[in-house]
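Here's the structure we're looking at; comments come further down.
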Amino acid sequence: MTQFSVLDLVPVREGGSVSEALNNAAQLAAHAEGLGCKRFWVAEHHAIDGIAGGATSVVLAHIGNATSTIRIGSGGIMLPNHTPFQIAEQFGTLDALFPGRIDLGLGRAPGAGPELQRALRKDLHKASEYFPQDVLELRALMTGDTDLPIKATPGLGANVEFWMLGSSLFGAQLAAKLGMPYAFAAHFAPDHLDSALEVYRRDFQPSEALGKPHVMVAMNVFAADTHEEAQLLASSQQQSFVALRSGTPGKLPPPIADYTSTIPTPARAMLDHLGQAAAVGTPDKVRSDIAAFTTRTRADEIILCGATYDPAARLHSLKLTLDACQTVAI
């Protein structure tokens, strides 16, 4: 059976606050745990008013204290923004606090303009070139499989599950070479989905941690009691996508009825393109779309995305989705 998880950007809505967003994330994680989700991941983003997950490891500690069994982790940590040693310490600490529950998803994209590079004191484009070596160093700091001149405490010996994240062939190739599970960000970059999964499965080399390929794919999912209500819920995130692609990101806006009919053709085409990794509608419609997407990708896991302006609507959407998808198989 396909397993389901949740990806949260810790969205800050218009009229809301960072404190509210963090509390909503904790409530969503506890709700996901109660529904039987396998993982709850938080993504690292910086300098965006509408996303409060920048200090990802700190947010995960908050999520861990609000839950007890669900795996929690990063979807992902953008390693070029950090040093491997810092992340080993942070996630080693999380493992000590929440033993056996920590996932460490790693991404390469620096995702930063010159202002953020200066703020982080990093040449992020150069740092991204060292990403494969940094992944190996980080893994060695935690597993001890390579003798290093320094030990991370906490960090060394931590029981952390490593994941490779990606939206291109690069991440797929590296995940295959290192024998890591692979998560594809189809929810915002579906272009290379099929080819990346093909490369990952074809070139996979078993490792001590993983004997065969393991794939998770992200989808935007909005379920509601009626199709019209689901479309309305989805419009807040659609507005955010359009604003981001237009270079004007902000807080999560209130929903707009029939939003896609009000925007220019290029923006509508962009949203339609992202729709190949989305399910919006009644529970039956969502189940059908997720089943078709799972058949296409042969994903072992689906990680559900989809910010709603009303946090309660996201809780309801997740319950409708999980109830409807109990029988989805790959």
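Residues in the structure tokens are numbered from 1 in each chain, the chains being A, B, ... in the order shown, and ligands are numbered from 1 in the order shown.
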
Going by DSSP on the backbone, which bits of segment 31-216 of chain A are helix (DSSP H, G or I)? Write them as a PDB file with C-alpha atoms, in the first residue's frame, please.
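Dumped everything to part-v6.pdb:
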ATOM      1  CA  HIS A  31      -3.420  15.750  13.130  1.00  0.00           C
ATOM      2  CA  ALA A  32      -1.306  13.952  10.514  1.00  0.00           C
ATOM      3  CA  GLU A  33       0.022  11.639  13.203  1.00  0.00           C
ATOM      4  CA  GLY A  34      -3.500  10.820  14.331  1.00  0.00           C
ATOM      5  CA  THR A  56      14.205  24.269  10.055  1.00  0.00           C
ATOM      6  CA  SER A  57      15.838  22.283  12.851  1.00  0.00           C
ATOM      7  CA  VAL A  58      14.309  24.611  15.479  1.00  0.00           C
ATOM      8  CA  VAL A  59      10.872  24.230  13.900  1.00  0.00           C
ATOM      9  CA  LEU A  60      11.307  20.443  13.920  1.00  0.00           C
ATOM     10  CA  ALA A  61      11.983  20.512  17.661  1.00  0.00           C
ATOM     11  CA  HIS A  62       8.675  22.337  18.076  1.00  0.00           C
ATOM     12  CA  ILE A  63       6.942  19.747  15.880  1.00  0.00           C
ATOM     13  CA  GLY A  64       8.562  16.906  17.791  1.00  0.00           C
ATOM     14  CA  ASN A  65       7.225  18.181  21.089  1.00  0.00           C
ATOM     15  CA  ALA A  66       3.705  18.306  19.620  1.00  0.00           C
ATOM     16  CA  LEU A  79      23.104  21.987   2.354  1.00  0.00           C
ATOM     17  CA  PRO A  80      24.971  24.742   0.441  1.00  0.00           C
ATOM     18  CA  ASN A  81      23.522  27.198   2.978  1.00  0.00           C
ATOM     19  CA  PRO A  84      28.019  19.626   7.164  1.00  0.00           C
ATOM     20  CA  PHE A  85      29.270  19.903  10.750  1.00  0.00           C
ATOM     21  CA  GLN A  86      26.507  22.331  11.754  1.00  0.00           C
ATOM     22  CA  ILE A  87      23.799  20.088  10.299  1.00  0.00           C
ATOM     23  CA  ALA A  88      25.321  17.011  11.968  1.00  0.00           C
ATOM     24  CA  GLU A  89      25.094  18.776  15.324  1.00  0.00           C
ATOM     25  CA  GLN A  90      21.552  20.029  14.729  1.00  0.00           C
ATOM     26  CA  PHE A  91      20.108  16.735  13.542  1.00  0.00           C
ATOM     27  CA  GLY A  92      22.113  14.775  16.064  1.00  0.00           C
ATOM     28  CA  THR A  93      20.422  16.917  18.707  1.00  0.00           C
ATOM     29  CA  LEU A  94      17.009  16.246  17.170  1.00  0.00           C
ATOM     30  CA  ASP A  95      17.696  12.503  17.213  1.00  0.00           C
ATOM     31  CA  ALA A  96      18.660  12.708  20.896  1.00  0.00           C
ATOM     32  CA  LEU A  97      15.412  14.537  21.636  1.00  0.00           C
ATOM     33  CA  PRO A 114      22.939  38.175  -3.697  1.00  0.00           C
ATOM     34  CA  GLU A 115      21.315  39.708  -0.613  1.00  0.00           C
ATOM     35  CA  LEU A 116      20.805  36.347   1.053  1.00  0.00           C
ATOM     36  CA  GLN A 117      24.274  35.190   0.059  1.00  0.00           C
ATOM     37  CA  ARG A 118      25.726  38.201   1.844  1.00  0.00           C
ATOM     38  CA  ALA A 119      23.520  37.567   4.881  1.00  0.00           C
ATOM     39  CA  LEU A 120      24.654  33.935   5.077  1.00  0.00           C
ATOM     40  CA  LEU A 124      26.167  29.662  -2.492  1.00  0.00           C
ATOM     41  CA  HIS A 125      26.750  28.890  -6.140  1.00  0.00           C
ATOM     42  CA  LYS A 126      30.294  27.779  -5.391  1.00  0.00           C
ATOM     43  CA  ALA A 127      29.087  25.884  -2.313  1.00  0.00           C
ATOM     44  CA  SER A 128      26.554  24.003  -4.423  1.00  0.00           C
ATOM     45  CA  GLU A 129      29.415  22.627  -6.532  1.00  0.00           C
ATOM     46  CA  PHE A 131      27.302  19.338  -2.622  1.00  0.00           C
ATOM     47  CA  PRO A 132      28.210  15.659  -3.281  1.00  0.00           C
ATOM     48  CA  GLN A 133      31.330  15.903  -1.111  1.00  0.00           C
ATOM     49  CA  ASP A 134      29.384  17.710   1.611  1.00  0.00           C
ATOM     50  CA  VAL A 135      26.728  14.969   1.628  1.00  0.00           C
ATOM     51  CA  LEU A 136      29.445  12.353   2.108  1.00  0.00           C
ATOM     52  CA  GLU A 137      31.087  14.397   4.862  1.00  0.00           C
ATOM     53  CA  LEU A 138      27.773  14.922   6.651  1.00  0.00           C
ATOM     54  CA  ARG A 139      26.978  11.236   6.468  1.00  0.00           C
ATOM     55  CA  ALA A 140      30.432  10.354   7.772  1.00  0.00           C
ATOM     56  CA  LEU A 141      30.067  12.792  10.674  1.00  0.00           C
ATOM     57  CA  MET A 142      26.929  10.956  11.768  1.00  0.00           C
ATOM     58  CA  THR A 143      27.719   7.344  10.865  1.00  0.00           C
ATOM     59  CA  LEU A 169      18.457  14.418 -12.950  1.00  0.00           C
ATOM     60  CA  PHE A 170      21.352  15.536 -10.735  1.00  0.00           C
ATOM     61  CA  GLY A 171      19.656  14.580  -7.479  1.00  0.00           C
ATOM     62  CA  ALA A 172      18.392  11.330  -8.960  1.00  0.00           C
ATOM     63  CA  GLN A 173      21.886  10.337 -10.097  1.00  0.00           C
ATOM     64  CA  LEU A 174      23.453  11.191  -6.753  1.00  0.00           C
ATOM     65  CA  ALA A 175      20.745   9.389  -4.764  1.00  0.00           C
ATOM     66  CA  ALA A 176      21.241   6.299  -6.936  1.00  0.00           C
ATOM     67  CA  LYS A 177      25.035   6.371  -6.555  1.00  0.00           C
ATOM     68  CA  LEU A 178      24.883   6.771  -2.772  1.00  0.00           C
ATOM     69  CA  LEU A 193       9.703  13.742 -12.962  1.00  0.00           C
ATOM     70  CA  ASP A 194       9.535  10.664 -15.184  1.00  0.00           C
ATOM     71  CA  SER A 195      13.119  10.810 -16.423  1.00  0.00           C
ATOM     72  CA  ALA A 196      14.527  11.404 -12.928  1.00  0.00           C
ATOM     73  CA  LEU A 197      12.689   8.424 -11.465  1.00  0.00           C
ATOM     74  CA  GLU A 198      13.806   6.258 -14.386  1.00  0.00           C
ATOM     75  CA  VAL A 199      17.451   7.247 -13.878  1.00  0.00           C
ATOM     76  CA  TYR A 200      17.250   6.719 -10.119  1.00  0.00           C
ATOM     77  CA  ARG A 201      15.777   3.233 -10.406  1.00  0.00           C
ATOM     78  CA  ARG A 202      18.034   2.197 -13.287  1.00  0.00           C
ATOM     79  CA  ASP A 203      21.298   3.322 -11.674  1.00  0.00           C
TER      80      ASP A 203
END

Per DSSP on the backbone, what are the strand (DSSP E or B) residues of segment 68-124 of chain A, as a ChimeraX atom specification? /A:71-78,102-107

Residue subset to file, keeping C-alpha atoms, as a PDB file, in the first residue's frame:
ATOM      1  CA  ARG A  71       8.672  10.690  11.739  1.00  0.00           C
ATOM      2  CA  ILE A  72       9.706  14.340  11.434  1.00  0.00           C
ATOM      3  CA  GLY A  73      12.314  15.824   9.170  1.00  0.00           C
ATOM      4  CA  SER A  74      13.506  18.240   6.543  1.00  0.00           C
ATOM      5  CA  GLY A  75      12.123  18.416   3.072  1.00  0.00           C
ATOM      6  CA  GLY A  76      14.698  19.701   2.865  1.00  0.00           C
ATOM      7  CA  ILE A  77      17.811  21.238   4.268  1.00  0.00           C
ATOM      8  CA  MET A  78      19.604  23.155   1.507  1.00  0.00           C
ATOM      9  CA  ILE A 102      14.327  11.963  12.426  1.00  0.00           C
ATOM     10  CA  ASP A 103      14.626  12.264   8.637  1.00  0.00           C
ATOM     11  CA  LEU A 104      17.293  14.421   7.021  1.00  0.00           C
ATOM     12  CA  GLY A 105      16.306  15.345   3.486  1.00  0.00           C
ATOM     13  CA  LEU A 106      19.053  17.193   1.631  1.00  0.00           C
ATOM     14  CA  GLY A 107      18.807  19.534  -1.343  1.00  0.00           C
TER      15      GLY A 107
END

Selection near segment 310-315 of chain A, 9 Å with only C-alpha atoms, sequence-local residues under 6 positions removed, as a CSV table (one decimal) with N, CA, C and O atoms, in the first residue's frame:
chain,number,residue,atom,x,y,z
A,13,ARG,N,0.0,33.5,6.9
A,13,ARG,CA,-1.1,34.1,6.1
A,13,ARG,C,-1.2,35.6,6.3
A,13,ARG,O,-0.8,36.1,7.3
A,24,ASN,N,0.1,26.5,14.0
A,24,ASN,CA,-0.7,25.8,13.1
A,24,ASN,C,0.1,24.6,12.6
A,24,ASN,O,-0.5,23.5,12.3
A,25,ALA,N,1.4,24.7,12.4
A,25,ALA,CA,2.2,23.6,11.9
A,25,ALA,C,2.2,22.5,12.9
A,25,ALA,O,2.1,21.3,12.6
A,27,GLN,N,-0.2,21.8,15.1
A,27,GLN,CA,-1.5,21.2,15.1
A,27,GLN,C,-1.7,20.3,13.9
A,27,GLN,O,-2.2,19.2,14.0
A,28,LEU,N,-1.1,20.7,12.7
A,28,LEU,CA,-1.2,19.9,11.5
A,28,LEU,C,-0.4,18.6,11.7
A,28,LEU,O,-0.9,17.5,11.3
A,31,HIS,N,-2.3,16.3,13.9
A,31,HIS,CA,-3.4,15.7,13.1
A,31,HIS,C,-3.0,14.7,12.1
A,31,HIS,O,-3.6,13.6,12.0
A,32,ALA,N,-1.9,14.9,11.5
A,32,ALA,CA,-1.3,14.0,10.5
A,32,ALA,C,-0.9,12.7,11.2
A,32,ALA,O,-1.1,11.6,10.7
A,222,PHE,N,-5.9,19.2,-2.5
A,222,PHE,CA,-6.9,20.0,-1.8
A,222,PHE,C,-8.2,19.2,-1.9
A,222,PHE,O,-8.8,19.1,-3.0
A,223,ALA,N,-8.7,18.7,-0.8
A,223,ALA,CA,-9.9,17.9,-0.8
A,223,ALA,C,-11.0,18.7,0.0
A,223,ALA,O,-10.6,19.3,1.1
A,224,ALA,N,-12.2,18.7,-0.4
A,224,ALA,CA,-13.3,19.3,0.3
A,224,ALA,C,-14.6,18.6,0.0
A,224,ALA,O,-14.6,17.7,-0.9
A,233,LEU,N,-10.3,26.6,-2.0
A,233,LEU,CA,-9.2,26.4,-1.1
A,233,LEU,C,-7.8,26.5,-1.8
A,233,LEU,O,-6.9,27.1,-1.3
A,254,PRO,N,-5.9,35.4,1.1
A,254,PRO,CA,-7.2,34.7,1.2
A,254,PRO,C,-7.6,34.1,-0.1
A,254,PRO,O,-7.2,34.6,-1.2

For His227 of chain A, list every protein, DNA or RNA residue within 6 Å, evaluated using only C-alpha atoms, and leave out those in the same chain fewer than 3 positions away; present the list as a ChimeraX atom specification. /A:230,281-282

For the residues selected in the previous step, produce a file with all heavy atoms as a CSV table (one decimal), in the first residue's frame.
chain,number,residue,atom,x,y,z
A,230,ALA,N,-13.2,23.0,-2.9
A,230,ALA,CA,-11.8,22.6,-3.1
A,230,ALA,C,-11.1,23.5,-4.0
A,230,ALA,O,-9.9,23.9,-3.7
A,230,ALA,CB,-11.7,21.1,-3.6
A,281,GLY,N,-10.4,18.6,-5.4
A,281,GLY,CA,-11.8,18.2,-5.6
A,281,GLY,C,-12.4,17.5,-4.5
A,281,GLY,O,-11.9,17.5,-3.3
A,282,THR,N,-13.5,16.7,-4.7
A,282,THR,CA,-14.1,15.9,-3.7
A,282,THR,C,-13.2,14.7,-3.4
A,282,THR,O,-12.3,14.4,-4.1
A,282,THR,CB,-15.5,15.4,-4.2
A,282,THR,OG1,-15.2,14.6,-5.4
A,282,THR,CG2,-16.4,16.5,-4.6

Å distance separating atom CA of Ala109 of chain A from atom CA of Gly53 of chain A, one decimal place: 16.4 Å

Quick one: pull the distance between atom CA of Phe188 of chain A and atom CA of Phe40 of chain A, Å, one decimal.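 So the two atoms, atom CA of Phe188 of chain A and atom CA of Phe40 of chain A, lie 18.2 Å apart.
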
Can you pull out the residues contacting Asn220 of chain A? Cut-off 9 Å, using only C-alpha atoms, and skip same-chain residues under 2 positions away; I want them as number ranges by chain. A: 186-188, 218, 222, 234, 274-275, 277-280, 303-307

May I have the selected residues written with N, CA and C atoms, as an mmCIF file, in the first residue's frame?
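Dumped to result.cif:
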data_model
loop_
_atom_site.group_PDB
_atom_site.id
_atom_site.type_symbol
_atom_site.label_atom_id
_atom_site.label_comp_id
_atom_site.auth_asym_id
_atom_site.auth_seq_id
_atom_site.Cartn_x
_atom_site.Cartn_y
_atom_site.Cartn_z
ATOM 1 N N ALA A 186 7.761 17.231 -7.293
ATOM 2 C CA ALA A 186 6.865 17.425 -8.437
ATOM 3 C C ALA A 186 5.825 18.504 -8.170
ATOM 4 N N HIS A 187 5.595 18.848 -6.918
ATOM 5 C CA HIS A 187 4.547 19.813 -6.595
ATOM 6 C C HIS A 187 4.854 21.211 -7.123
ATOM 7 N N PHE A 188 6.139 21.520 -7.353
ATOM 8 C CA PHE A 188 6.458 22.819 -7.933
ATOM 9 C C PHE A 188 7.382 22.728 -9.143
ATOM 10 N N ALA A 218 6.116 14.404 -4.292
ATOM 11 C CA ALA A 218 5.269 15.421 -3.680
ATOM 12 C C ALA A 218 4.128 15.806 -4.610
ATOM 13 N N PHE A 222 -5.853 19.214 -2.466
ATOM 14 C CA PHE A 222 -6.892 19.978 -1.776
ATOM 15 C C PHE A 222 -8.196 19.201 -1.899
ATOM 16 N N ALA A 234 -7.769 25.877 -2.965
ATOM 17 C CA ALA A 234 -6.517 25.813 -3.718
ATOM 18 C C ALA A 234 -6.069 27.187 -4.214
ATOM 19 N N LEU A 274 1.622 22.750 -13.409
ATOM 20 C CA LEU A 274 1.798 22.206 -12.066
ATOM 21 C C LEU A 274 0.675 21.249 -11.703
ATOM 22 N N GLY A 275 -0.447 21.375 -12.381
ATOM 23 C CA GLY A 275 -1.603 20.534 -12.080
ATOM 24 C C GLY A 275 -1.396 19.062 -12.348
ATOM 25 N N ALA A 277 0.764 17.344 -11.072
ATOM 26 C CA ALA A 277 1.120 16.768 -9.773
ATOM 27 C C ALA A 277 0.212 17.348 -8.701
ATOM 28 N N ALA A 278 -1.082 17.381 -9.003
ATOM 29 C CA ALA A 278 -2.058 17.942 -8.076
ATOM 30 C C ALA A 278 -3.349 17.150 -8.130
ATOM 31 N N ALA A 279 -4.096 17.240 -7.033
ATOM 32 C CA ALA A 279 -5.423 16.640 -6.955
ATOM 33 C C ALA A 279 -6.310 17.623 -6.202
ATOM 34 N N VAL A 280 -7.346 18.111 -6.859
ATOM 35 C CA VAL A 280 -8.221 19.131 -6.274
ATOM 36 C C VAL A 280 -9.662 18.717 -6.530
ATOM 37 N N ILE A 303 3.962 12.439 -0.640
ATOM 38 C CA ILE A 303 3.984 13.463 0.400
ATOM 39 C C ILE A 303 3.061 14.599 -0.039
ATOM 40 N N LEU A 304 2.113 14.910 0.791
ATOM 41 C CA LEU A 304 1.016 15.813 0.460
ATOM 42 C C LEU A 304 1.358 17.248 0.845
ATOM 43 N N CYS A 305 1.196 18.162 -0.105
ATOM 44 C CA CYS A 305 1.410 19.589 0.108
ATOM 45 C C CYS A 305 0.080 20.299 -0.107
ATOM 46 N N GLY A 306 0.046 21.575 0.225
ATOM 47 C CA GLY A 306 -1.160 22.335 -0.077
ATOM 48 C C GLY A 306 -1.577 23.242 1.057
ATOM 49 N N ALA A 307 -1.080 24.473 1.058
ATOM 50 C CA ALA A 307 -1.409 25.425 2.107
ATOM 51 C C ALA A 307 -2.781 26.041 1.860
#

What lies within 9 Å of Ala55 of chain A using only C-alpha atoms, ignoring chain neighbours under 6 positions off, as a VMD selection string? chain A and resid 44 to 46

Out of A:Thr297, A:Ser246, A:Ser236, A:Thr260, which residue has the shortest atom-to-atom distance to Tyr309 of chain A when counting only C-alpha atoms?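 The answer is A:Ser236, which sits nearest to Tyr309 of chain A.
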
Selected residue, from A:Ala189, A:Gly15, A:Met1, A:Leu165, that lies nearest to Trp41 of chain A when counting only C-alpha atoms: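 Using only C-alpha atoms, Trp41 of chain A sits closest to A:Leu165.
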